[in-house]
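> Sharing coords-v5.cif (mmCIF, C-alpha atoms, pLDDT in the B column; chains and numbers go by the auth columns) below.
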```cif
data_run
loop_
_atom_site.group_PDB
_atom_site.id
_atom_site.type_symbol
_atom_site.label_atom_id
_atom_site.label_comp_id
_atom_site.label_asym_id
_atom_site.label_seq_id
_atom_site.Cartn_x
_atom_site.Cartn_y
_atom_site.Cartn_z
_atom_site.B_iso_or_equiv
_atom_site.auth_seq_id
_atom_site.auth_asym_id
ATOM 1 C CA MET A 1 -5.106 -47.721 39.159 96.00 1 I
ATOM 2 C CA ASN A 2 -2.199 -48.352 36.806 97.00 2 I
ATOM 3 C CA LEU A 3 0.221 -45.492 36.361 98.00 3 I
ATOM 4 C CA GLN A 4 2.435 -45.448 33.285 97.00 4 I
ATOM 5 C CA ILE A 5 5.736 -43.835 34.142 98.00 5 I
ATOM 6 C CA ARG A 6 8.456 -42.590 31.799 98.00 6 I
ATOM 7 C CA ALA A 7 12.024 -42.756 33.030 98.00 7 I
ATOM 8 C CA PHE A 8 14.984 -40.753 31.774 98.00 8 I
ATOM 9 C CA GLY A 9 18.744 -40.658 32.310 97.00 9 I
ATOM 10 C CA ILE A 10 19.968 -42.660 35.276 98.00 10 I
ATOM 11 C CA ALA A 11 16.355 -43.360 36.332 98.00 11 I
ATOM 12 C CA ARG A 12 15.887 -45.315 33.093 97.00 12 I
ATOM 13 C CA ASP A 13 18.948 -47.414 33.941 97.00 13 I
ATOM 14 C CA ILE A 14 17.638 -47.996 37.482 97.00 14 I
ATOM 15 C CA VAL A 15 14.150 -49.168 36.492 96.00 15 I
ATOM 16 C CA GLY A 16 15.452 -50.935 33.385 96.00 16 I
ATOM 17 C CA GLY A 17 13.317 -49.311 30.706 96.00 17 I
ATOM 18 C CA ARG A 18 11.891 -46.156 29.214 97.00 18 I
ATOM 19 C CA ILE A 19 8.356 -46.836 30.407 97.00 19 I
ATOM 20 C CA PHE A 20 7.110 -48.950 33.304 96.00 20 I
ATOM 21 C CA VAL A 21 3.770 -49.413 35.023 97.00 21 I
ATOM 22 C CA VAL A 22 3.010 -49.417 38.750 97.00 22 I
ATOM 23 C CA GLU A 23 -0.291 -50.222 40.393 97.00 23 I
ATOM 24 C CA MET A 24 -1.260 -47.664 43.038 97.00 24 I
ATOM 25 C CA PRO A 25 -4.458 -46.961 44.967 97.00 25 I
ATOM 26 C CA ALA A 26 -6.744 -44.141 43.839 96.00 26 I
ATOM 27 C CA GLY A 27 -5.780 -40.833 45.451 97.00 27 I
ATOM 28 C CA THR A 28 -2.058 -41.550 45.218 98.00 28 I
ATOM 29 C CA THR A 29 -0.001 -38.358 45.335 98.00 29 I
ATOM 30 C CA VAL A 30 3.368 -37.510 43.808 98.00 30 I
ATOM 31 C CA GLY A 31 4.863 -37.874 47.299 98.00 31 I
ATOM 32 C CA ASP A 32 3.277 -41.350 47.721 98.00 32 I
ATOM 33 C CA LEU A 33 4.652 -42.472 44.373 98.00 33 I
ATOM 34 C CA LYS A 34 8.109 -41.187 45.274 98.00 34 I
ATOM 35 C CA ASN A 35 8.053 -43.078 48.588 97.00 35 I
ATOM 36 C CA PHE A 36 6.868 -46.231 46.797 97.00 36 I
ATOM 37 C CA LEU A 37 9.690 -45.983 44.239 97.00 37 I
ATOM 38 C CA LEU A 38 12.293 -45.373 46.963 97.00 38 I
ATOM 39 C CA LYS A 39 11.110 -48.616 48.609 97.00 39 I
ATOM 40 C CA THR A 40 11.002 -50.708 45.445 97.00 40 I
ATOM 41 C CA HIS A 41 14.254 -49.264 44.088 97.00 41 I
ATOM 42 C CA PRO A 42 16.335 -48.147 47.131 97.00 42 I
ATOM 43 C CA VAL A 43 19.187 -47.100 44.841 97.00 43 I
ATOM 44 C CA PHE A 44 17.157 -43.933 44.085 97.00 44 I
ATOM 45 C CA GLU A 45 18.232 -42.801 47.575 96.00 45 I
ATOM 46 C CA SER A 46 21.765 -42.395 46.273 97.00 46 I
ATOM 47 C CA LEU A 47 20.762 -39.722 43.728 97.00 47 I
ATOM 48 C CA SER A 48 21.157 -36.001 44.443 96.00 48 I
ATOM 49 C CA SER A 49 17.428 -35.584 43.811 96.00 49 I
ATOM 50 C CA LEU A 50 14.418 -37.340 42.318 97.00 50 I
ATOM 51 C CA LEU A 51 11.549 -35.234 41.007 98.00 51 I
ATOM 52 C CA ILE A 52 8.346 -36.306 39.334 98.00 52 I
ATOM 53 C CA ALA A 53 6.777 -34.472 36.426 98.00 53 I
ATOM 54 C CA VAL A 54 3.039 -34.633 35.797 98.00 54 I
ATOM 55 C CA ASN A 55 1.877 -33.715 32.290 98.00 55 I
ATOM 56 C CA ALA A 56 5.269 -32.156 31.544 97.00 56 I
ATOM 57 C CA GLU A 57 5.331 -29.895 34.648 98.00 57 I
ATOM 58 C CA TYR A 58 7.199 -30.455 37.916 98.00 58 I
ATOM 59 C CA GLY A 59 4.673 -31.913 40.379 97.00 59 I
ATOM 60 C CA SER A 60 4.490 -30.991 44.067 98.00 60 I
ATOM 61 C CA ASP A 61 4.374 -33.834 46.625 98.00 61 I
ATOM 62 C CA GLU A 62 0.689 -33.088 47.328 98.00 62 I
ATOM 63 C CA HIS A 63 -0.374 -33.357 43.674 98.00 63 I
ATOM 64 C CA ILE A 64 -2.924 -36.189 43.242 98.00 64 I
ATOM 65 C CA LEU A 65 -2.232 -38.493 40.301 98.00 65 I
ATOM 66 C CA ALA A 66 -4.741 -39.860 37.815 97.00 66 I
ATOM 67 C CA GLU A 67 -4.435 -42.843 35.494 96.00 67 I
ATOM 68 C CA GLN A 68 -4.399 -40.725 32.338 97.00 68 I
ATOM 69 C CA ASP A 69 -1.602 -38.415 33.586 98.00 69 I
ATOM 70 C CA GLU A 70 1.702 -38.407 31.757 97.00 70 I
ATOM 71 C CA ILE A 71 4.118 -39.121 34.596 98.00 71 I
ATOM 72 C CA ALA A 72 7.910 -38.915 34.326 98.00 72 I
ATOM 73 C CA LEU A 73 10.802 -39.564 36.693 98.00 73 I
ATOM 74 C CA ILE A 74 13.233 -36.663 36.612 98.00 74 I
ATOM 75 C CA PRO A 75 16.636 -37.524 38.110 98.00 75 I
ATOM 76 C CA PRO A 76 19.158 -34.664 38.527 98.00 76 I
ATOM 77 C CA VAL A 77 19.262 -32.789 35.234 98.00 77 I
ATOM 78 C CA SER A 78 22.572 -32.017 33.507 98.00 78 I
ATOM 79 C CA GLY A 79 21.917 -30.158 30.290 97.00 79 I
ATOM 80 C CA GLY A 80 24.096 -27.426 28.871 96.00 80 I
ATOM 81 C CA MET B 1 6.315 -15.179 21.558 75.00 1 N
ATOM 82 C CA ASP B 2 7.914 -13.823 18.413 91.00 2 N
ATOM 83 C CA ASN B 3 10.937 -12.468 20.314 97.00 3 N
ATOM 84 C CA VAL B 4 11.934 -15.954 21.560 98.00 4 N
ATOM 85 C CA SER B 5 13.447 -18.838 19.612 98.00 5 N
ATOM 86 C CA ILE B 6 13.504 -22.248 21.322 98.00 6 N
ATOM 87 C CA LEU B 7 14.974 -25.310 19.650 98.00 7 N
ATOM 88 C CA LEU B 8 15.693 -28.870 20.762 98.00 8 N
ATOM 89 C CA SER B 9 17.312 -30.805 17.946 98.00 9 N
ATOM 90 C CA GLU B 10 19.442 -33.815 17.054 98.00 10 N
ATOM 91 C CA LYS B 11 21.037 -31.745 14.303 98.00 11 N
ATOM 92 C CA ARG B 12 24.109 -29.507 14.591 98.00 12 N
ATOM 93 C CA LEU B 13 23.309 -26.146 16.215 98.00 13 N
ATOM 94 C CA SER B 14 24.056 -22.847 14.499 98.00 14 N
ATOM 95 C CA PRO B 15 25.338 -20.002 16.708 98.00 15 N
ATOM 96 C CA GLN B 16 25.004 -17.827 13.582 98.00 16 N
ATOM 97 C CA SER B 17 21.269 -18.456 13.280 98.00 17 N
ATOM 98 C CA CYS B 18 20.825 -17.626 16.998 98.00 18 N
ATOM 99 C CA GLU B 19 22.729 -14.375 16.478 98.00 19 N
ATOM 100 C CA THR B 20 20.643 -13.542 13.412 98.00 20 N
ATOM 101 C CA PHE B 21 17.413 -14.280 15.287 98.00 21 N
ATOM 102 C CA VAL B 22 18.185 -11.889 18.157 98.00 22 N
ATOM 103 C CA ARG B 23 19.209 -8.960 15.930 98.00 23 N
ATOM 104 C CA ALA B 24 17.018 -5.921 16.506 97.00 24 N
ATOM 105 C CA ALA B 25 17.254 -2.333 15.356 96.00 25 N
ATOM 106 C CA ASP B 26 17.007 -1.070 18.936 96.00 26 N
ATOM 107 C CA ALA B 27 19.574 -3.529 20.347 97.00 27 N
ATOM 108 C CA GLY B 28 22.998 -2.112 21.108 97.00 28 N
ATOM 109 C CA GLY B 29 24.594 -5.422 21.986 97.00 29 N
ATOM 110 C CA THR B 30 24.282 -9.186 21.764 98.00 30 N
ATOM 111 C CA VAL B 31 25.756 -11.751 24.173 98.00 31 N
ATOM 112 C CA ILE B 32 26.116 -15.323 22.946 98.00 32 N
ATOM 113 C CA PHE B 33 27.009 -18.304 25.122 98.00 33 N
ATOM 114 C CA ILE B 34 28.227 -21.348 23.233 98.00 34 N
ATOM 115 C CA GLY B 35 28.674 -24.542 25.236 98.00 35 N
ATOM 116 C CA THR B 36 31.210 -26.972 23.795 98.00 36 N
ATOM 117 C CA VAL B 37 32.097 -30.564 24.608 97.00 37 N
ATOM 118 C CA ARG B 38 35.508 -30.625 26.291 95.00 38 N
ATOM 119 C CA ASP B 39 37.925 -33.508 26.070 96.00 39 N
ATOM 120 C CA GLN B 40 38.359 -34.137 29.779 95.00 40 N
ATOM 121 C CA THR B 41 36.583 -33.882 33.104 92.00 41 N
ATOM 122 C CA GLY B 42 38.510 -33.887 36.368 88.00 42 N
ATOM 123 C CA GLY B 43 41.629 -34.886 34.438 91.00 43 N
ATOM 124 C CA LYS B 44 39.945 -37.935 32.863 94.00 44 N
ATOM 125 C CA ARG B 45 39.759 -38.195 29.093 97.00 45 N
ATOM 126 C CA VAL B 46 36.227 -37.931 27.709 96.00 46 N
ATOM 127 C CA LEU B 47 35.506 -39.725 24.433 97.00 47 N
ATOM 128 C CA ARG B 48 32.034 -38.284 23.739 97.00 48 N
ATOM 129 C CA LEU B 49 28.814 -37.151 25.399 98.00 49 N
ATOM 130 C CA GLU B 50 25.290 -38.469 24.975 98.00 50 N
ATOM 131 C CA PHE B 51 22.348 -36.154 25.646 98.00 51 N
ATOM 132 C CA GLU B 52 18.762 -37.232 26.122 98.00 52 N
ATOM 133 C CA ALA B 53 15.739 -35.044 26.814 98.00 53 N
ATOM 134 C CA TYR B 54 12.154 -35.330 27.932 98.00 54 N
ATOM 135 C CA GLU B 55 11.278 -33.348 24.859 98.00 55 N
ATOM 136 C CA PRO B 56 7.897 -31.647 25.437 97.00 56 N
ATOM 137 C CA MET B 57 8.872 -30.666 28.974 98.00 57 N
ATOM 138 C CA ALA B 58 12.383 -29.565 27.992 98.00 58 N
ATOM 139 C CA ILE B 59 10.890 -27.251 25.371 98.00 59 N
ATOM 140 C CA SER B 60 8.311 -25.815 27.771 98.00 60 N
ATOM 141 C CA GLU B 61 10.961 -25.297 30.492 98.00 61 N
ATOM 142 C CA MET B 62 13.230 -23.510 27.993 98.00 62 N
ATOM 143 C CA GLN B 63 10.284 -21.307 26.994 98.00 63 N
ATOM 144 C CA LYS B 64 9.660 -20.501 30.678 98.00 64 N
ATOM 145 C CA ILE B 65 13.298 -19.473 31.164 98.00 65 N
ATOM 146 C CA ALA B 66 13.199 -17.137 28.152 98.00 66 N
ATOM 147 C CA LYS B 67 9.945 -15.616 29.353 98.00 67 N
ATOM 148 C CA GLN B 68 11.337 -15.123 32.887 98.00 68 N
ATOM 149 C CA ALA B 69 14.501 -13.529 31.482 98.00 69 N
ATOM 150 C CA LEU B 70 12.431 -11.117 29.368 98.00 70 N
ATOM 151 C CA GLY B 71 10.545 -10.168 32.544 98.00 71 N
ATOM 152 C CA LYS B 72 13.585 -9.815 34.815 98.00 72 N
ATOM 153 C CA PHE B 73 16.021 -8.044 32.498 98.00 73 N
ATOM 154 C CA SER B 74 15.697 -5.249 30.010 98.00 74 N
ATOM 155 C CA VAL B 75 16.414 -7.423 26.956 98.00 75 N
ATOM 156 C CA ARG B 76 14.927 -7.553 23.464 98.00 76 N
ATOM 157 C CA ARG B 77 15.218 -11.038 21.991 98.00 77 N
ATOM 158 C CA ILE B 78 16.377 -14.450 23.223 98.00 78 N
ATOM 159 C CA ALA B 79 17.358 -17.680 21.487 98.00 79 N
ATOM 160 C CA ILE B 80 17.892 -20.888 23.486 98.00 80 N
ATOM 161 C CA HIS B 81 18.922 -23.883 21.384 98.00 81 N
ATOM 162 C CA HIS B 82 19.931 -27.292 22.776 98.00 82 N
ATOM 163 C CA ARG B 83 21.086 -30.423 21.073 98.00 83 N
ATOM 164 C CA THR B 84 20.387 -34.080 21.849 98.00 84 N
ATOM 165 C CA GLY B 85 22.036 -37.328 20.799 98.00 85 N
ATOM 166 C CA VAL B 86 25.721 -38.234 20.556 98.00 86 N
ATOM 167 C CA LEU B 87 28.183 -35.314 20.587 98.00 87 N
ATOM 168 C CA GLU B 88 31.899 -35.482 19.903 97.00 88 N
ATOM 169 C CA ILE B 89 34.668 -33.317 21.398 97.00 89 N
ATOM 170 C CA GLY B 90 34.268 -29.714 20.208 97.00 90 N
ATOM 171 C CA ASP B 91 30.595 -30.150 19.268 98.00 91 N
ATOM 172 C CA ILE B 92 28.091 -27.595 20.550 98.00 92 N
ATOM 173 C CA PRO B 93 25.364 -28.853 22.919 98.00 93 N
ATOM 174 C CA VAL B 94 23.895 -25.439 23.735 98.00 94 N
ATOM 175 C CA VAL B 95 23.701 -21.917 22.328 98.00 95 N
ATOM 176 C CA ILE B 96 22.071 -18.973 24.103 98.00 96 N
ATOM 177 C CA ALA B 97 21.887 -15.562 22.437 98.00 97 N
ATOM 178 C CA VAL B 98 20.429 -12.432 24.036 98.00 98 N
ATOM 179 C CA SER B 99 20.151 -8.946 22.576 98.00 99 N
ATOM 180 C CA ALA B 100 19.511 -5.790 24.566 98.00 100 N
ATOM 181 C CA ALA B 101 19.688 -2.029 24.256 98.00 101 N
ATOM 182 C CA HIS B 102 22.634 -2.028 26.688 97.00 102 N
ATOM 183 C CA ARG B 103 25.234 -4.731 27.292 97.00 103 N
ATOM 184 C CA ALA B 104 24.855 -5.209 31.064 98.00 104 N
ATOM 185 C CA ALA B 105 21.337 -6.589 30.740 98.00 105 N
ATOM 186 C CA ALA B 106 22.364 -8.882 27.881 98.00 106 N
ATOM 187 C CA PHE B 107 25.250 -10.367 29.935 98.00 107 N
ATOM 188 C CA GLU B 108 23.057 -10.855 33.001 98.00 108 N
ATOM 189 C CA ALA B 109 20.166 -12.381 31.077 98.00 109 N
ATOM 190 C CA CYS B 110 22.444 -14.751 29.173 98.00 110 N
ATOM 191 C CA GLN B 111 24.015 -15.973 32.420 98.00 111 N
ATOM 192 C CA TYR B 112 20.566 -16.345 33.988 98.00 112 N
ATOM 193 C CA CYS B 113 19.380 -18.447 31.044 98.00 113 N
ATOM 194 C CA ILE B 114 22.306 -20.893 31.058 98.00 114 N
ATOM 195 C CA ASP B 115 22.397 -21.200 34.870 98.00 115 N
ATOM 196 C CA THR B 116 18.642 -21.835 35.077 98.00 116 N
ATOM 197 C CA LEU B 117 18.700 -24.239 32.125 98.00 117 N
ATOM 198 C CA LYS B 118 21.260 -26.347 33.974 98.00 118 N
ATOM 199 C CA GLN B 119 18.977 -26.482 37.027 97.00 119 N
ATOM 200 C CA THR B 120 15.500 -26.995 35.576 98.00 120 N
ATOM 201 C CA VAL B 121 15.429 -28.257 31.995 98.00 121 N
ATOM 202 C CA PRO B 122 14.951 -32.050 31.804 98.00 122 N
ATOM 203 C CA ILE B 123 18.002 -32.889 29.710 98.00 123 N
ATOM 204 C CA TRP B 124 20.566 -35.467 30.793 98.00 124 N
ATOM 205 C CA LYS B 125 24.194 -35.808 29.796 98.00 125 N
ATOM 206 C CA LYS B 126 26.220 -38.998 29.929 97.00 126 N
ATOM 207 C CA GLU B 127 30.009 -38.794 29.791 97.00 127 N
ATOM 208 C CA ILE B 128 31.663 -41.687 27.990 97.00 128 N
ATOM 209 C CA PHE B 129 35.205 -42.441 29.161 97.00 129 N
ATOM 210 C CA GLU B 130 37.693 -45.034 27.935 94.00 130 N
ATOM 211 C CA ASP B 131 36.792 -47.257 30.894 94.00 131 N
ATOM 212 C CA GLY B 132 33.125 -46.525 31.546 95.00 132 N
ATOM 213 C CA GLU B 133 30.330 -44.002 31.508 96.00 133 N
ATOM 214 C CA VAL B 134 28.696 -41.645 34.020 96.00 134 N
ATOM 215 C CA TRP B 135 25.402 -39.720 34.133 97.00 135 N
ATOM 216 C CA VAL B 136 26.642 -36.237 35.007 96.00 136 N
ATOM 217 C CA ALA B 137 25.489 -34.743 38.353 94.00 137 N
ATOM 218 C CA ALA B 138 23.339 -37.778 39.218 95.00 138 N
ATOM 219 C CA HIS B 139 25.040 -38.354 42.566 95.00 139 N
ATOM 220 C CA PRO B 140 26.045 -35.865 45.264 93.00 140 N
#
```
Can you turn what I pasted into C-alpha cells?

Amino acid sequence: MNLQIRAFGIARDIVGGRIFVVEMPAGTTVGDLKNFLLKTHPVFESLSSLLIAVNAEYGSDEHILAEQDEIALIPPVSGG
Amino acid sequence: MDNVSILLSEKRLSPQSCETFVRAADAGGTVIFIGTVRDQTGGKRVLRLEFEAYEPMAISEMQKIAKQALGKFSVRRIAIHHRTGVLEIGDIPVVIAVSAAHRAAAFEACQYCIDTLKQTVPIWKKEIFEDGEVWVAAHP
C-alpha cells in the first residue's frame, strides 16, 4: 500500500518536501514505518525524537496504518 | 467548550482579546503569559523566527491542554492563542490567559498550559541568524 506522509519542520528538510509517498506492506505499524524511515534517512537518528501522528493524533508504535490515514512526521516540537 | 478560546493564526495576536475572553464575574484574578521573540539566543543575534504548524493537530492538542487544565486546576476560563509565519524581534508568538476565583490556581494552570504546549503541540520554530538558521530543539 502507498502511504502519503506529511513532513514538518526539520523532517521536511530531511525528506525534501511537504508530502512524500512510501510503499509499505499491508499491516505496517507506526513502529515499522519509523524503522523504515530511520533506514532510508539515517539522519533522523540525530534528532531528539521522531514521532508519527495518525489522523492528527500521536500514534503508538503498535498502531496499524491504513492507506487512507493522514500520516505526519513530528520531529521535536518547539512552539511557544 | 464555551469557556475555552483556541486560536492558531498568521495574524498579530491580541493579549487584550485573551484577557477579555477570560473575564468572569466569579473570577478574582487573571494570569496572562505573553511569549515574545527575543533578539538573541545563547549570545548569538537572532534576526527573526519562522513558525510552522500542523494546523488541525496543533488546534486539537491546544484544546486538549485547555481541557486538562480545567480538570486539574480550579480555573474558570482559558485562552491559548499561537501565531504562525514570520515573526520579528518583539513580536508575540503565544498568549495564554487563565482566570480563576483565586490566584494560585490561575498561576499554576497558566504555567501548566505553556509548559505542556512546548512539549506536545506540533508547532516548529526556526531561528534565523546572520550566518544561518536552526530548527529549535531538533537535536539533543
> List the neighbours of Trp135 (chain N) out to 8 Å using only C-alpha atoms; skip same-chain residues closer than 3 positions along the sequence, and give me the result as a ChimeraX atom specification.
/I:9-10 /N:124-127,138
> Quick one: apply the PyMOL selection byres ((chain I and resi 6) around 12) to the file and drop the selected residues here as an MDAnalysis selection string.
(chainID I and resid 3:5 7:9 11:13 15:22 52:56 69:75) or (chainID N and resid 53:55)
> Quick one: write out the picked residues with C-alpha atoms as a PDB file, keeping the file's coordinate frame?

```
ATOM      1  CA  LEU I   3       0.221 -45.492  36.361  1.00 98.00           C
ATOM      2  CA  GLN I   4       2.435 -45.448  33.285  1.00 97.00           C
ATOM      3  CA  ILE I   5       5.736 -43.835  34.142  1.00 98.00           C
ATOM      4  CA  ALA I   7      12.024 -42.756  33.030  1.00 98.00           C
ATOM      5  CA  PHE I   8      14.984 -40.753  31.774  1.00 98.00           C
ATOM      6  CA  GLY I   9      18.744 -40.658  32.310  1.00 97.00           C
ATOM      7  CA  ALA I  11      16.355 -43.360  36.332  1.00 98.00           C
ATOM      8  CA  ARG I  12      15.887 -45.315  33.093  1.00 97.00           C
ATOM      9  CA  ASP I  13      18.948 -47.414  33.941  1.00 97.00           C
ATOM     10  CA  VAL I  15      14.150 -49.168  36.492  1.00 96.00           C
ATOM     11  CA  GLY I  16      15.452 -50.935  33.385  1.00 96.00           C
ATOM     12  CA  GLY I  17      13.317 -49.311  30.706  1.00 96.00           C
ATOM     13  CA  ARG I  18      11.891 -46.156  29.214  1.00 97.00           C
ATOM     14  CA  ILE I  19       8.356 -46.836  30.407  1.00 97.00           C
ATOM     15  CA  PHE I  20       7.110 -48.950  33.304  1.00 96.00           C
ATOM     16  CA  VAL I  21       3.770 -49.413  35.023  1.00 97.00           C
ATOM     17  CA  VAL I  22       3.010 -49.417  38.750  1.00 97.00           C
ATOM     18  CA  ILE I  52       8.346 -36.306  39.334  1.00 98.00           C
ATOM     19  CA  ALA I  53       6.777 -34.472  36.426  1.00 98.00           C
ATOM     20  CA  VAL I  54       3.039 -34.633  35.797  1.00 98.00           C
ATOM     21  CA  ASN I  55       1.877 -33.715  32.290  1.00 98.00           C
ATOM     22  CA  ALA I  56       5.269 -32.156  31.544  1.00 97.00           C
ATOM     23  CA  ASP I  69      -1.602 -38.415  33.586  1.00 98.00           C
ATOM     24  CA  GLU I  70       1.702 -38.407  31.757  1.00 97.00           C
ATOM     25  CA  ILE I  71       4.118 -39.121  34.596  1.00 98.00           C
ATOM     26  CA  ALA I  72       7.910 -38.915  34.326  1.00 98.00           C
ATOM     27  CA  LEU I  73      10.802 -39.564  36.693  1.00 98.00           C
ATOM     28  CA  ILE I  74      13.233 -36.663  36.612  1.00 98.00           C
ATOM     29  CA  PRO I  75      16.636 -37.524  38.110  1.00 98.00           C
TER      30      PRO I  75
ATOM     31  CA  ALA N  53      15.739 -35.044  26.814  1.00 98.00           C
ATOM     32  CA  TYR N  54      12.154 -35.330  27.932  1.00 98.00           C
ATOM     33  CA  GLU N  55      11.278 -33.348  24.859  1.00 98.00           C
TER      34      GLU N  55
END
```
> I need the output of the PyMOL selection byres ((chain I) within 6 of (chain N)) for this file as number ranges by chain; which residues are they?
I: 9, 47-48, 56, 76-80
> Starting from the PyMOL selection byres ((chain I and resi 63) around 12), expand the selection into actual residues of this file and give them as a VMD selection string.
chain I and resid 27 to 34 52 to 55 57 to 62 64 to 66 69 71
> Can you pull out the residues contacting Val75 (chain N)? Cut-off 12 Å, using all atoms listed in the file, and skip same-chain residues under 6 positions away; I want them as a ChimeraX atom specification.
/N:3-4,22-24,26-31,66-69,97-110
> Rounded to one decimal in Å, what is the spacing between CA of Arg38 (chain N) and CA of Glu130 (chain N)?
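These two atoms are separated by 14.7 Å.
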> When you draw a straight line from CA of Ile80 (chain N) to CA of Gln16 (chain N), how long is it in Å?
12.6 Å
> Provide the CA of Pro15 (chain N) to CA of Ala79 (chain N) distance in Å, to one decimal place.
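Going from CA of Pro15 (chain N) over to CA of Ala79 (chain N), I get 9.6 Å.
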> Draw an axis-aligned box tight on the listed atoms of region 10-13 of chain I, then pad every side by 8 Å and write out centre and edge lengths in Å to one decimal as AutoDock Vina command-line options.

```
--center_x 17.9 --center_y -45.0 --center_z 34.7 --size_x 20.1 --size_y 20.8 --size_z 19.2
```
> What's the 6 Å shell around Met1 (chain I), counting only C-alpha atoms, without same-chain residues fewer than 2 positions away, as a list of chain:residue names?
I:Glu23, I:Met24, I:Pro25
> Can you tell me, as a list in words, what residues are no more than 7 Å from Val46 (chain N) when counting only C-alpha atoms, ignoring any on the same chain fewer than 3 positions away?
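Here the answer would be Asp39, Gln40, Thr41, Glu127, Ile128 and Phe129 of chain N.
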> Within 8 Å of Ile14 (chain I), counting only C-alpha atoms, which residues show up once you throw out same-chain ones fewer than 4 positions away? Write them as a ChimeraX atom specification, please.
/I:10,41,43-44
> Kindly output region 37-56 of chain I as a compact mmCIF listing (two decimals), in the frame of the given file, after building N, CA and C atoms.

```
# COMPACT_ATOMS: atom_id res chain seq x y z
N LEU I 37 8.54 -45.68 45.11
CA LEU I 37 9.69 -45.98 44.24
C LEU I 37 10.99 -46.09 45.04
N LEU I 38 11.09 -45.28 46.12
CA LEU I 38 12.29 -45.37 46.96
C LEU I 38 12.34 -46.72 47.69
N LYS I 39 11.16 -47.29 47.96
CA LYS I 39 11.11 -48.62 48.61
C LYS I 39 11.41 -49.72 47.62
N THR I 40 10.79 -49.64 46.42
CA THR I 40 11.00 -50.71 45.44
C THR I 40 12.38 -50.63 44.79
N HIS I 41 12.94 -49.45 44.71
CA HIS I 41 14.25 -49.26 44.09
C HIS I 41 15.10 -48.38 45.02
N PRO I 42 15.62 -48.97 46.12
CA PRO I 42 16.34 -48.15 47.13
C PRO I 42 17.52 -47.37 46.56
N VAL I 43 18.03 -47.79 45.41
CA VAL I 43 19.19 -47.10 44.84
C VAL I 43 18.85 -45.64 44.47
N PHE I 44 17.55 -45.34 44.32
CA PHE I 44 17.16 -43.93 44.08
C PHE I 44 17.63 -43.02 45.22
N GLU I 45 17.76 -43.60 46.43
CA GLU I 45 18.23 -42.80 47.58
C GLU I 45 19.61 -42.19 47.32
N SER I 46 20.39 -42.85 46.48
CA SER I 46 21.76 -42.40 46.27
C SER I 46 21.84 -41.19 45.33
N LEU I 47 20.73 -40.86 44.66
CA LEU I 47 20.76 -39.72 43.73
C LEU I 47 20.71 -38.39 44.48
N SER I 48 21.21 -37.34 43.83
CA SER I 48 21.16 -36.00 44.44
C SER I 48 19.72 -35.53 44.62
N SER I 49 18.84 -35.96 43.70
CA SER I 49 17.43 -35.58 43.81
C SER I 49 16.62 -36.51 42.92
N LEU I 50 15.33 -36.61 43.20
CA LEU I 50 14.42 -37.34 42.32
C LEU I 50 13.10 -36.57 42.30
N LEU I 51 12.80 -35.98 41.14
CA LEU I 51 11.55 -35.23 41.01
C LEU I 51 10.62 -36.00 40.09
N ILE I 52 9.34 -35.66 40.19
CA ILE I 52 8.35 -36.31 39.33
C ILE I 52 7.60 -35.22 38.57
N ALA I 53 7.52 -35.42 37.26
CA ALA I 53 6.78 -34.47 36.43
C ALA I 53 5.41 -35.07 36.11
N VAL I 54 4.39 -34.22 36.15
CA VAL I 54 3.04 -34.63 35.80
C VAL I 54 2.59 -33.77 34.62
N ASN I 55 2.28 -34.43 33.51
CA ASN I 55 1.88 -33.72 32.29
C ASN I 55 2.89 -32.62 31.93
N ALA I 56 4.16 -33.01 31.98
CA ALA I 56 5.27 -32.16 31.54
C ALA I 56 5.49 -30.91 32.40
```
